[in-house]
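Asks: Below is the file structure21.pdb, which contains PDB, C-alpha atoms and all ligand atoms.
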ATOM      1  CA  MET M   1     120.988  76.913  26.645  1.00  0.00           C
ATOM      2  CA  ALA M   2     124.295  75.178  25.813  1.00  0.00           C
ATOM      3  CA  ASN M   3     123.525  72.494  28.413  1.00  0.00           C
ATOM      4  CA  TYR M   4     120.137  71.912  26.906  1.00  0.00           C
ATOM      5  CA  LYS M   5     121.576  71.542  23.386  1.00  0.00           C
ATOM      6  CA  ILE M   6     123.933  68.814  24.645  1.00  0.00           C
ATOM      7  CA  LEU M   7     121.024  67.026  26.311  1.00  0.00           C
ATOM      8  CA  GLU M   8     118.864  67.377  23.210  1.00  0.00           C
ATOM      9  CA  ASN M   9     121.562  65.807  21.043  1.00  0.00           C
ATOM     10  CA  ASP M  10     121.865  62.893  23.483  1.00  0.00           C
ATOM     11  CA  ILE M  11     118.093  62.342  23.398  1.00  0.00           C
ATOM     12  CA  LYS M  12     118.090  62.379  19.598  1.00  0.00           C
ATOM     13  CA  LEU M  13     120.632  59.545  19.570  1.00  0.00           C
ATOM     14  CA  CYS M  14     118.706  57.396  22.062  1.00  0.00           C
ATOM     15  CA  ARG M  15     117.890  53.780  21.201  1.00  0.00           C
ATOM     16  CA  LYS M  16     117.046  52.605  24.708  1.00  0.00           C
ATOM     17  CA  CYS M  17     113.715  51.042  23.793  1.00  0.00           C
ATOM     18  CA  HIS M  18     112.116  49.360  20.819  1.00  0.00           C
ATOM     19  CA  LEU M  19     109.942  52.382  19.975  1.00  0.00           C
ATOM     20  CA  ARG M  20     112.925  53.782  18.108  1.00  0.00           C
ATOM     21  CA  ASP M  21     112.714  50.867  15.667  1.00  0.00           C
ATOM     22  CA  THR M  22     109.278  51.921  14.426  1.00  0.00           C
ATOM     23  CA  CYS M  23     109.287  55.723  14.633  1.00  0.00           C
ATOM     24  CA  ASN M  24     110.798  58.092  12.076  1.00  0.00           C
ATOM     25  CA  GLN M  25     112.752  60.144  14.562  1.00  0.00           C
ATOM     26  CA  VAL M  26     113.105  61.050  18.232  1.00  0.00           C
ATOM     27  CA  VAL M  27     111.103  64.126  19.244  1.00  0.00           C
ATOM     28  CA  PRO M  28     112.946  65.595  22.261  1.00  0.00           C
ATOM     29  CA  GLY M  29     111.018  68.840  22.765  1.00  0.00           C
ATOM     30  CA  ASP M  30     110.591  72.349  21.455  1.00  0.00           C
ATOM     31  CA  GLY M  31     110.691  75.929  22.645  1.00  0.00           C
ATOM     32  CA  ASN M  32     112.724  77.989  25.049  1.00  0.00           C
ATOM     33  CA  PRO M  33     114.804  75.929  27.502  1.00  0.00           C
ATOM     34  CA  GLU M  34     115.159  79.044  29.674  1.00  0.00           C
ATOM     35  CA  THR M  35     111.419  79.398  30.181  1.00  0.00           C
ATOM     36  CA  GLU M  36     109.460  79.512  33.442  1.00  0.00           C
ATOM     37  CA  ILE M  37     106.689  77.315  32.056  1.00  0.00           C
ATOM     38  CA  MET M  38     107.129  73.792  30.759  1.00  0.00           C
ATOM     39  CA  PHE M  39     104.291  71.835  29.147  1.00  0.00           C
ATOM     40  CA  ILE M  40     104.339  68.039  29.156  1.00  0.00           C
ATOM     41  CA  GLY M  41     102.175  65.806  26.995  1.00  0.00           C
ATOM     42  CA  GLU M  42     102.188  62.062  26.480  1.00  0.00           C
ATOM     43  CA  ALA M  43     103.921  61.077  23.224  1.00  0.00           C
ATOM     44  CA  PRO M  44     104.457  62.255  19.643  1.00  0.00           C
ATOM     45  CA  GLY M  45     101.702  61.520  17.121  1.00  0.00           C
ATOM     46  CA  ALA M  46     102.006  61.003  13.363  1.00  0.00           C
ATOM     47  CA  GLU M  47     102.648  64.651  12.450  1.00  0.00           C
ATOM     48  CA  GLU M  48     105.102  65.134  15.318  1.00  0.00           C
ATOM     49  CA  ASP M  49     106.950  61.999  14.233  1.00  0.00           C
ATOM     50  CA  LYS M  50     107.160  63.396  10.699  1.00  0.00           C
ATOM     51  CA  GLN M  51     108.347  66.888  11.684  1.00  0.00           C
ATOM     52  CA  GLY M  52     110.401  66.044  14.784  1.00  0.00           C
ATOM     53  CA  ILE M  53     108.521  68.694  16.807  1.00  0.00           C
ATOM     54  CA  PRO M  54     105.935  68.061  19.560  1.00  0.00           C
ATOM     55  CA  PHE M  55     102.370  69.393  19.289  1.00  0.00           C
ATOM     56  CA  VAL M  56     102.277  70.375  15.622  1.00  0.00           C
ATOM     57  CA  GLY M  57      99.004  68.701  14.574  1.00  0.00           C
ATOM     58  CA  ALA M  58      95.480  69.974  15.236  1.00  0.00           C
ATOM     59  CA  ALA M  59      95.994  69.807  19.002  1.00  0.00           C
ATOM     60  CA  GLY M  60      99.221  71.785  18.618  1.00  0.00           C
ATOM     61  CA  LYS M  61      97.437  74.511  16.651  1.00  0.00           C
ATOM     62  CA  PHE M  62      94.820  74.709  19.394  1.00  0.00           C
ATOM     63  CA  LEU M  63      97.600  74.936  21.974  1.00  0.00           C
ATOM     64  CA  ASN M  64      99.163  77.823  20.030  1.00  0.00           C
ATOM     65  CA  GLN M  65      95.789  79.601  19.981  1.00  0.00           C
ATOM     66  CA  MET M  66      95.444  79.183  23.737  1.00  0.00           C
ATOM     67  CA  LEU M  67      98.963  80.481  24.306  1.00  0.00           C
ATOM     68  CA  ARG M  68      98.030  83.623  22.392  1.00  0.00           C
ATOM     69  CA  THR M  69      95.121  84.215  24.803  1.00  0.00           C
ATOM     70  CA  ILE M  70      97.681  84.645  27.588  1.00  0.00           C
ATOM     71  CA  ASN M  71     100.089  86.642  25.416  1.00  0.00           C
ATOM     72  CA  LEU M  72     102.601  83.844  24.987  1.00  0.00           C
ATOM     73  CA  LYS M  73     104.087  82.169  21.944  1.00  0.00           C
ATOM     74  CA  ARG M  74     105.645  78.752  21.496  1.00  0.00           C
ATOM     75  CA  GLU M  75     109.059  80.390  21.731  1.00  0.00           C
ATOM     76  CA  ASP M  76     108.196  81.593  25.244  1.00  0.00           C
ATOM     77  CA  ILE M  77     107.522  78.144  26.699  1.00  0.00           C
ATOM     78  CA  PHE M  78     109.053  74.698  26.440  1.00  0.00           C
ATOM     79  CA  ILE M  79     107.056  71.654  25.458  1.00  0.00           C
ATOM     80  CA  ALA M  80     108.006  67.989  25.673  1.00  0.00           C
ATOM     81  CA  ASN M  81     106.395  64.598  26.017  1.00  0.00           C
ATOM     82  CA  VAL M  82     106.767  61.757  28.502  1.00  0.00           C
ATOM     83  CA  LEU M  83     107.789  59.552  25.567  1.00  0.00           C
ATOM     84  CA  LYS M  84     110.097  60.936  22.929  1.00  0.00           C
ATOM     85  CA  CYS M  85     109.277  58.355  20.235  1.00  0.00           C
ATOM     86  CA  ARG M  86     105.879  57.696  18.692  1.00  0.00           C
ATOM     87  CA  PRO M  87     104.183  54.461  19.793  1.00  0.00           C
ATOM     88  CA  PRO M  88     102.920  52.514  16.747  1.00  0.00           C
ATOM     89  CA  ALA M  89      99.421  53.646  15.699  1.00  0.00           C
ATOM     90  CA  ASN M  90      99.396  56.045  18.677  1.00  0.00           C
ATOM     91  CA  ARG M  91      98.683  53.257  21.144  1.00  0.00           C
ATOM     92  CA  ASP M  92      99.060  53.932  24.871  1.00  0.00           C
ATOM     93  CA  PRO M  93     102.683  53.753  26.094  1.00  0.00           C
ATOM     94  CA  LEU M  94     103.754  50.518  27.800  1.00  0.00           C
ATOM     95  CA  PRO M  95     105.159  50.793  31.342  1.00  0.00           C
ATOM     96  CA  GLU M  96     108.602  49.608  30.188  1.00  0.00           C
ATOM     97  CA  GLU M  97     108.669  52.306  27.493  1.00  0.00           C
ATOM     98  CA  VAL M  98     107.804  54.993  30.027  1.00  0.00           C
ATOM     99  CA  ALA M  99     110.463  53.644  32.401  1.00  0.00           C
ATOM    100  CA  ALA M 100     113.114  53.689  29.650  1.00  0.00           C
ATOM    101  CA  CYS M 101     112.308  57.242  28.586  1.00  0.00           C
ATOM    102  CA  TRP M 102     111.642  58.717  32.033  1.00  0.00           C
ATOM    103  CA  PRO M 103     115.280  59.730  32.771  1.00  0.00           C
ATOM    104  CA  TRP M 104     115.261  61.988  29.695  1.00  0.00           C
ATOM    105  CA  LEU M 105     112.236  63.888  30.955  1.00  0.00           C
ATOM    106  CA  LEU M 106     113.745  64.199  34.416  1.00  0.00           C
ATOM    107  CA  GLU M 107     116.941  65.559  32.914  1.00  0.00           C
ATOM    108  CA  GLN M 108     114.976  68.052  30.827  1.00  0.00           C
ATOM    109  CA  ILE M 109     113.174  69.289  33.956  1.00  0.00           C
ATOM    110  CA  GLN M 110     116.461  69.475  35.897  1.00  0.00           C
ATOM    111  CA  THR M 111     118.053  71.500  33.102  1.00  0.00           C
ATOM    112  CA  ILE M 112     115.132  73.830  32.394  1.00  0.00           C
ATOM    113  CA  LYS M 113     114.101  74.262  36.064  1.00  0.00           C
ATOM    114  CA  PRO M 114     110.639  75.601  35.252  1.00  0.00           C
ATOM    115  CA  LYS M 115     108.575  77.408  37.870  1.00  0.00           C
ATOM    116  CA  LEU M 116     105.472  75.663  36.610  1.00  0.00           C
ATOM    117  CA  ILE M 117     104.897  72.357  34.838  1.00  0.00           C
ATOM    118  CA  VAL M 118     101.612  72.195  32.947  1.00  0.00           C
ATOM    119  CA  LEU M 119     100.499  68.599  32.428  1.00  0.00           C
ATOM    120  CA  LEU M 120      98.483  68.100  29.262  1.00  0.00           C
ATOM    121  CA  GLY M 121      95.991  65.295  29.672  1.00  0.00           C
ATOM    122  CA  ARG M 122      95.548  62.462  32.098  1.00  0.00           C
ATOM    123  CA  HIS M 123      98.441  60.308  30.870  1.00  0.00           C
ATOM    124  CA  ALA M 124     101.002  63.038  31.567  1.00  0.00           C
ATOM    125  CA  MET M 125      99.191  63.839  34.828  1.00  0.00           C
ATOM    126  CA  GLU M 126      99.469  60.240  36.060  1.00  0.00           C
ATOM    127  CA  ARG M 127     103.267  60.335  35.892  1.00  0.00           C
ATOM    128  CA  PHE M 128     103.513  63.188  38.384  1.00  0.00           C
ATOM    129  CA  LEU M 129     100.170  63.238  40.198  1.00  0.00           C
ATOM    130  CA  PRO M 130      99.265  59.570  40.526  1.00  0.00           C
ATOM    131  CA  ASN M 131      95.845  58.293  41.529  1.00  0.00           C
ATOM    132  CA  GLN M 132      94.130  61.521  40.649  1.00  0.00           C
ATOM    133  CA  LYS M 133      91.258  62.172  38.303  1.00  0.00           C
ATOM    134  CA  ILE M 134      91.769  64.834  35.689  1.00  0.00           C
ATOM    135  CA  SER M 135      88.067  65.686  36.001  1.00  0.00           C
ATOM    136  CA  GLN M 136      88.721  66.606  39.647  1.00  0.00           C
ATOM    137  CA  ILE M 137      92.115  68.297  39.591  1.00  0.00           C
ATOM    138  CA  HIS M 138      92.159  70.115  36.256  1.00  0.00           C
ATOM    139  CA  GLY M 139      92.812  73.795  36.823  1.00  0.00           C
ATOM    140  CA  THR M 140      94.284  73.197  40.303  1.00  0.00           C
ATOM    141  CA  ALA M 141      97.905  74.083  41.089  1.00  0.00           C
ATOM    142  CA  LEU M 142      99.548  71.406  43.229  1.00  0.00           C
ATOM    143  CA  ARG M 143     103.026  71.493  44.711  1.00  0.00           C
ATOM    144  CA  ARG M 144     104.841  68.221  45.310  1.00  0.00           C
ATOM    145  CA  GLU M 145     108.360  67.257  46.173  1.00  0.00           C
ATOM    146  CA  ILE M 146     109.835  64.735  43.793  1.00  0.00           C
ATOM    147  CA  ASP M 147     113.226  63.044  44.067  1.00  0.00           C
ATOM    148  CA  GLY M 148     115.565  64.410  41.465  1.00  0.00           C
ATOM    149  CA  ILE M 149     113.454  67.507  40.902  1.00  0.00           C
ATOM    150  CA  GLY M 150     112.658  68.957  44.345  1.00  0.00           C
ATOM    151  CA  LYS M 151     109.587  71.020  45.095  1.00  0.00           C
ATOM    152  CA  GLN M 152     107.677  71.574  41.927  1.00  0.00           C
ATOM    153  CA  VAL M 153     104.295  73.029  41.089  1.00  0.00           C
ATOM    154  CA  PHE M 154     102.119  71.093  38.636  1.00  0.00           C
ATOM    155  CA  TYR M 155      98.973  72.291  36.916  1.00  0.00           C
ATOM    156  CA  ALA M 156      96.953  69.642  35.083  1.00  0.00           C
ATOM    157  CA  LEU M 157      94.774  70.491  32.114  1.00  0.00           C
ATOM    158  CA  TYR M 158      92.574  68.484  29.798  1.00  0.00           C
ATOM    159  CA  HIS M 159      94.510  67.432  26.713  1.00  0.00           C
ATOM    160  CA  PRO M 160      93.936  69.868  23.815  1.00  0.00           C
ATOM    161  CA  ALA M 161      93.172  66.925  21.480  1.00  0.00           C
ATOM    162  CA  ALA M 162      90.406  65.683  23.807  1.00  0.00           C
ATOM    163  CA  ALA M 163      88.938  69.156  24.247  1.00  0.00           C
ATOM    164  CA  LEU M 164      89.264  70.313  20.646  1.00  0.00           C
ATOM    165  CA  TYR M 165      85.918  69.056  19.442  1.00  0.00           C
ATOM    166  CA  GLN M 166      84.000  68.782  22.719  1.00  0.00           C
ATOM    167  CA  GLY M 167      82.260  72.027  23.555  1.00  0.00           C
ATOM    168  CA  SER M 168      82.129  71.742  27.349  1.00  0.00           C
ATOM    169  CA  LEU M 169      85.683  70.392  27.735  1.00  0.00           C
ATOM    170  CA  ARG M 170      86.927  73.074  25.393  1.00  0.00           C
ATOM    171  CA  GLU M 171      85.335  75.806  27.510  1.00  0.00           C
ATOM    172  CA  THR M 172      86.821  74.312  30.672  1.00  0.00           C
ATOM    173  CA  LEU M 173      90.271  74.012  29.108  1.00  0.00           C
ATOM    174  CA  LEU M 174      90.188  77.595  27.868  1.00  0.00           C
ATOM    175  CA  LYS M 175      89.144  78.803  31.321  1.00  0.00           C
ATOM    176  CA  ASP M 176      91.885  76.784  33.081  1.00  0.00           C
ATOM    177  CA  PHE M 177      94.468  77.882  30.525  1.00  0.00           C
ATOM    178  CA  LYS M 178      93.739  81.558  31.136  1.00  0.00           C
ATOM    179  CA  ARG M 179      94.666  81.071  34.800  1.00  0.00           C
ATOM    180  CA  ILE M 180      98.263  80.054  33.972  1.00  0.00           C
ATOM    181  CA  PRO M 181      99.699  83.584  34.472  1.00  0.00           C
ATOM    182  CA  LYS M 182      97.958  83.777  37.864  1.00  0.00           C
ATOM    183  CA  VAL M 183      99.428  80.409  38.855  1.00  0.00           C
ATOM    184  CA  VAL M 184     102.944  81.623  37.968  1.00  0.00           C
ATOM    185  CA  GLU M 185     102.290  84.790  39.975  1.00  0.00           C
ATOM    186  CA  ALA M 186     101.117  82.725  42.949  1.00  0.00           C
ATOM    187  CA  ILE M 187     104.255  80.558  42.780  1.00  0.00           C
ATOM    188  CA  GLU M 188     106.426  83.661  42.850  1.00  0.00           C
ATOM    189  CA  LYS M 189     104.560  84.941  45.921  1.00  0.00           C
ATOM    190  CA  SER M 190     104.280  81.640  47.789  1.00  0.00           C
ATOM    191  CA  GLY M 191     108.016  80.965  48.352  1.00  0.00           C
ATOM    192  CA  GLU M 192     109.228  77.816  50.062  1.00  0.00           C
ATOM    193  CA  ILE M 193     106.652  75.669  51.831  1.00  0.00           C
ATOM    194  CA  ALA M 194     107.649  72.967  54.319  1.00  0.00           C
ATOM    195  CA  ASN M 195     106.103  69.570  55.040  1.00  0.00           C
ATOM    196  CA  VAL M 196     105.566  68.465  51.493  1.00  0.00           C
ATOM    197  CA  GLN M 197     105.692  64.723  51.121  1.00  0.00           C
ATOM    198  CA  LYS M 198     108.611  63.307  49.145  1.00  0.00           C
ATOM    199  CA  VAL M 199     107.826  60.830  46.409  1.00  0.00           C
ATOM    200  CA  LYS M 200     110.255  58.995  44.194  1.00  0.00           C
ATOM    201  CA  ALA M 201     110.389  60.200  40.639  1.00  0.00           C
ATOM    202  CA  GLU M 202     109.639  56.899  38.980  1.00  0.00           C
ATOM    203  CA  PRO M 203     106.813  56.042  36.650  1.00  0.00           C
ATOM    204  CA  GLU M 204     105.522  53.272  38.954  1.00  0.00           C
ATOM    205  CA  ASN M 205     104.569  55.992  41.394  1.00  0.00           C
ATOM    206  CA  ARG M 206     101.387  56.491  39.527  1.00  0.00           C
ATOM    207  CA  PHE M 207     100.194  53.355  41.320  1.00  0.00           C
ATOM    208  CA  GLU M 208     101.121  54.671  44.749  1.00  0.00           C
ATOM    209  CA  GLU M 209      98.110  54.822  47.021  1.00  0.00           C
ATOM    210  CA  LYS M 210      98.817  57.393  49.664  1.00  0.00           C
ATOM    211  CA  ILE M 211      99.829  60.622  48.081  1.00  0.00           C
ATOM    212  CA  LYS M 212      99.786  63.936  49.828  1.00  0.00           C
ATOM    213  CA  GLN M 213     100.369  67.132  48.034  1.00  0.00           C
ATOM    214  CA  GLU M 214      99.842  70.719  48.701  1.00  0.00           C
ATOM    215  CA  LYS M 215      97.131  72.691  46.990  1.00  0.00           C
ATOM    216  CA  LEU M 216      98.307  76.206  46.232  1.00  0.00           C
ATOM    217  CA  PHE M 217      94.909  77.546  45.235  1.00  0.00           C
TER     218      PHE M 217
HETATM  219  S1  LIG M 301     111.068  56.353  23.494  1.00  0.00           S
HETATM  220 FE1  LIG M 301     112.603  57.338  24.777  1.00  0.00          FE
HETATM  221  S2  LIG M 301     113.807  55.641  25.628  1.00  0.00           S
HETATM  222 FE2  LIG M 301     112.703  54.838  23.857  1.00  0.00          FE
HETATM  223  S3  LIG M 301     114.171  55.076  22.172  1.00  0.00           S
HETATM  224 FE3  LIG M 301     112.824  56.878  22.171  1.00  0.00          FE
HETATM  225  S4  LIG M 301     113.978  58.402  23.363  1.00  0.00           S
HETATM  226 FE4  LIG M 301     114.887  56.395  23.820  1.00  0.00          FE
END
Spell out the structure here as structure tokens.
Replies:
Amino acid sequence: MANYKILENDIKLCRKCHLRDTCNQVVPGDGNPETEIMFIGEAPGAEEDKQGIPFVGAAGKFLNQMLRTINLKREDIFIANVLKCRPPANRDPLPEEVAACWPWLLEQIQTIKPKLIVLLGRHAMERFLPNQKISQIHGTALRREIDGIGKQVFYALYHPAAALYQGSLRETLLKDFKRIPKVVEAIEKSGEIANVQKVKAEPENRFEEKIKQEKLF
């Protein structure tokens, strides 16, 4: 916990890219840094920028509701974004912004050491599971080895904001979300698995063509 507080303070002081010139504040993350489950989204929106906390708007409320369906609260998990500062008018992040901010996310993962990383939406998914389609891999637990992190299980979900008002996506997201405890259980049972391809933990990897990863179930 103490280590995470030091890291959080460093992130709050960051001015490595120009996004800090237009946002109100840096939004490092929220929740329990000693959790087994870390959620990663893309970037803060207007409300997050105002409050300094990720996922506090409508999508955040939906996320809280879904957490309750698996008997978890925000305080039980940790949630962060790929970018810690809000892009103007919520535009998509630029590659140089992702590259500048990426070391913070890596350091958060190294400090928290989650058993499971849940990727919220296709933008977050692309950073760790490049060249995949969220429509094909949502609700699938994949283990990959990533430089700087090691073997890590990822579980991609549709973004709560995208699913909030779309009936079929919403149903799918709710169904996938309810499997999270089973995924954690499977990770605990599966132990170490050899022959997992190493990939470099850099944002450009999302353009890599030949990616192998291991499907847990
Ligand atoms: S977006 Fe990331 S790298 Fe850029 S200033 Fe904010 S914390 Fe620093």
Asks: Distance limit 10 Å, reference ligand LIG 301 (chain M), atoms considered: all atoms listed in the file. Which residues make the cut? Give them as an NGL selection string.
Replies: :M and (10-23 or 25-28 or 43-44 or 81-87 or 93 or 96-105)
Asks: Please enumerate the residues selected by the PyMOL selection byres (((chain M and resi 144-161) around 8) and not hetatm) when evaluated against the supplied file, formatted as a ChimeraX atom specification.
Replies: /M:41,58-60,62-63,106,109-110,115-122,125,134,137-143,162-165,169-170,173,176-177,187,196-201,213-214
Asks: For CA of Met38 (chain M) and CA of Asp92 (chain M), quote the distance in Å rounded to one decimal.
Replies: 22.2 Å
Asks: Measure the distance from CA of Arg179 (chain M) to CA of Ile70 (chain M) in Å and round it to one decimal.
Replies: 8.6 Å
Asks: Expressed in Å to a single decimal, how great is the separation between CA of Leu67 (chain M) and CA of Gly45 (chain M)?
Replies: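 Distance between the two atoms: 20.5 Å.
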Asks: Have a look at M:Glu8, M:Glu188, M:Glu171, M:Glu107 and name the one nearest to Gly29 (chain M); count only C-alpha atoms.
Replies: M:Glu8
Asks: Using all atoms listed in the file, can you tell me which of M:Thr111, M:Thr172, M:Gln136, M:Asn32 comes closest to Lys73 (chain M)?
Replies: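 Counting all atoms listed in the file, the residue closest to Lys73 (chain M) is M:Asn32.
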Asks: Can you list, as a PDB file with C-alpha atoms, keeping the file's coordinate frame, the residues that the PyMOL selection byres (((chain M and resi 36) around 9) and not hetatm) selects here?
Replies:
ATOM      1  CA  PRO M  33     114.804  75.929  27.502  1.00  0.00           C
ATOM      2  CA  GLU M  34     115.159  79.044  29.674  1.00  0.00           C
ATOM      3  CA  THR M  35     111.419  79.398  30.181  1.00  0.00           C
ATOM      4  CA  ILE M  37     106.689  77.315  32.056  1.00  0.00           C
ATOM      5  CA  MET M  38     107.129  73.792  30.759  1.00  0.00           C
ATOM      6  CA  ASP M  76     108.196  81.593  25.244  1.00  0.00           C
ATOM      7  CA  ILE M  77     107.522  78.144  26.699  1.00  0.00           C
ATOM      8  CA  PHE M  78     109.053  74.698  26.440  1.00  0.00           C
ATOM      9  CA  ILE M 112     115.132  73.830  32.394  1.00  0.00           C
ATOM     10  CA  LYS M 113     114.101  74.262  36.064  1.00  0.00           C
ATOM     11  CA  PRO M 114     110.639  75.601  35.252  1.00  0.00           C
ATOM     12  CA  LYS M 115     108.575  77.408  37.870  1.00  0.00           C
ATOM     13  CA  LEU M 116     105.472  75.663  36.610  1.00  0.00           C
ATOM     14  CA  ILE M 117     104.897  72.357  34.838  1.00  0.00           C
ATOM     15  CA  VAL M 184     102.944  81.623  37.968  1.00  0.00           C
TER      16      VAL M 184
END
Asks: Tell me which protein, DNA and RNA residues are within 8 Å of Lys178 (chain M), counting only C-alpha atoms, leaving out same-chain ones fewer than 2 positions away, and put them as a list in words.
Replies: Met66, Thr69, Ile70, Leu174, Lys175, Asp176, Ile180 and Pro181 of chain M
Asks: Ranking M:Ala80, M:Ile40, M:Ala46, M:Val56 by minimum distance to Glu126 (chain M) and counting only C-alpha atoms, which one comes first?
Replies: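 Closest to Glu126 (chain M) of all the choices is M:Ile40.
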Asks: Please return the centre and edge lengths, in Å to one decimal, of a box with edges along x, y and z that contains all listed atoms of region 52-67 of chain M, widened by 3 Å on every side, as lines of an AutoDock Vina configuration file.
Replies:
center_x = 102.6
center_y = 73.3
center_z = 19.4
size_x = 21.6
size_y = 20.4
size_z = 15.7
Asks: Taking the partial coordinates given, rebuild region 79-99 of chain M to contain N, CA and C atoms; return it as an mmCIF file, in the frame of the given file.
Replies:
data_model
loop_
_atom_site.group_PDB
_atom_site.id
_atom_site.type_symbol
_atom_site.label_atom_id
_atom_site.label_comp_id
_atom_site.auth_asym_id
_atom_site.auth_seq_id
_atom_site.Cartn_x
_atom_site.Cartn_y
_atom_site.Cartn_z
ATOM 1 N N ILE M 79 108.021 72.751 25.484
ATOM 2 C CA ILE M 79 107.056 71.654 25.458
ATOM 3 C C ILE M 79 107.753 70.340 25.123
ATOM 4 N N ALA M 80 107.410 69.314 25.889
ATOM 5 C CA ALA M 80 108.006 67.989 25.673
ATOM 6 C C ALA M 80 106.954 66.936 25.991
ATOM 7 N N ASN M 81 107.290 65.708 25.710
ATOM 8 C CA ASN M 81 106.395 64.598 26.017
ATOM 9 C C ASN M 81 107.060 63.627 26.978
ATOM 10 N N VAL M 82 106.233 62.814 27.635
ATOM 11 C CA VAL M 82 106.767 61.757 28.502
ATOM 12 C C VAL M 82 107.590 60.792 27.645
ATOM 13 N N LEU M 83 107.048 60.404 26.512
ATOM 14 C CA LEU M 83 107.789 59.552 25.567
ATOM 15 C C LEU M 83 108.303 60.395 24.421
ATOM 16 N N LYS M 84 109.510 60.140 24.018
ATOM 17 C CA LYS M 84 110.097 60.936 22.929
ATOM 18 C C LYS M 84 109.927 60.284 21.560
ATOM 19 N N CYS M 85 109.491 59.033 21.517
ATOM 20 C CA CYS M 85 109.277 58.355 20.235
ATOM 21 C C CYS M 85 107.813 57.947 20.120
ATOM 22 N N ARG M 86 107.297 57.989 18.910
ATOM 23 C CA ARG M 86 105.879 57.696 18.692
ATOM 24 C C ARG M 86 105.579 56.211 18.864
ATOM 25 N N PRO M 87 104.606 55.861 19.730
ATOM 26 C CA PRO M 87 104.183 54.461 19.793
ATOM 27 C C PRO M 87 103.429 54.105 18.506
ATOM 28 N N PRO M 88 103.595 52.891 17.996
ATOM 29 C CA PRO M 88 102.920 52.514 16.747
ATOM 30 C C PRO M 88 101.410 52.758 16.839
ATOM 31 N N ALA M 89 100.864 53.359 15.792
ATOM 32 C CA ALA M 89 99.421 53.646 15.699
ATOM 33 C C ALA M 89 98.898 54.432 16.910
ATOM 34 N N ASN M 90 99.773 55.194 17.526
ATOM 35 C CA ASN M 90 99.396 56.045 18.677
ATOM 36 C C ASN M 90 98.812 55.268 19.850
ATOM 37 N N ARG M 91 99.200 54.012 19.994
ATOM 38 C CA ARG M 91 98.683 53.257 21.144
ATOM 39 C C ARG M 91 99.223 53.846 22.443
ATOM 40 N N ASP M 92 98.583 53.452 23.575
ATOM 41 C CA ASP M 92 99.060 53.932 24.871
ATOM 42 C C ASP M 92 100.482 53.421 25.118
ATOM 43 N N PRO M 93 101.317 54.219 25.783
ATOM 44 C CA PRO M 93 102.683 53.753 26.094
ATOM 45 C C PRO M 93 102.657 52.556 27.032
ATOM 46 N N LEU M 94 103.619 51.644 26.876
ATOM 47 C CA LEU M 94 103.754 50.518 27.800
ATOM 48 C C LEU M 94 104.608 50.969 28.989
ATOM 49 N N PRO M 95 104.386 50.373 30.166
ATOM 50 C CA PRO M 95 105.159 50.793 31.342
ATOM 51 C C PRO M 95 106.663 50.734 31.109
ATOM 52 N N GLU M 96 107.154 49.711 30.400
ATOM 53 C CA GLU M 96 108.602 49.608 30.188
ATOM 54 C C GLU M 96 109.123 50.719 29.258
ATOM 55 N N GLU M 97 108.262 51.192 28.366
ATOM 56 C CA GLU M 97 108.669 52.306 27.493
ATOM 57 C C GLU M 97 108.765 53.599 28.302
ATOM 58 N N VAL M 98 107.778 53.798 29.178
ATOM 59 C CA VAL M 98 107.804 54.993 30.027
ATOM 60 C C VAL M 98 109.033 54.952 30.934
ATOM 61 N N ALA M 99 109.306 53.776 31.496
ATOM 62 C CA ALA M 99 110.463 53.644 32.401
ATOM 63 C C ALA M 99 111.767 53.939 31.661
#
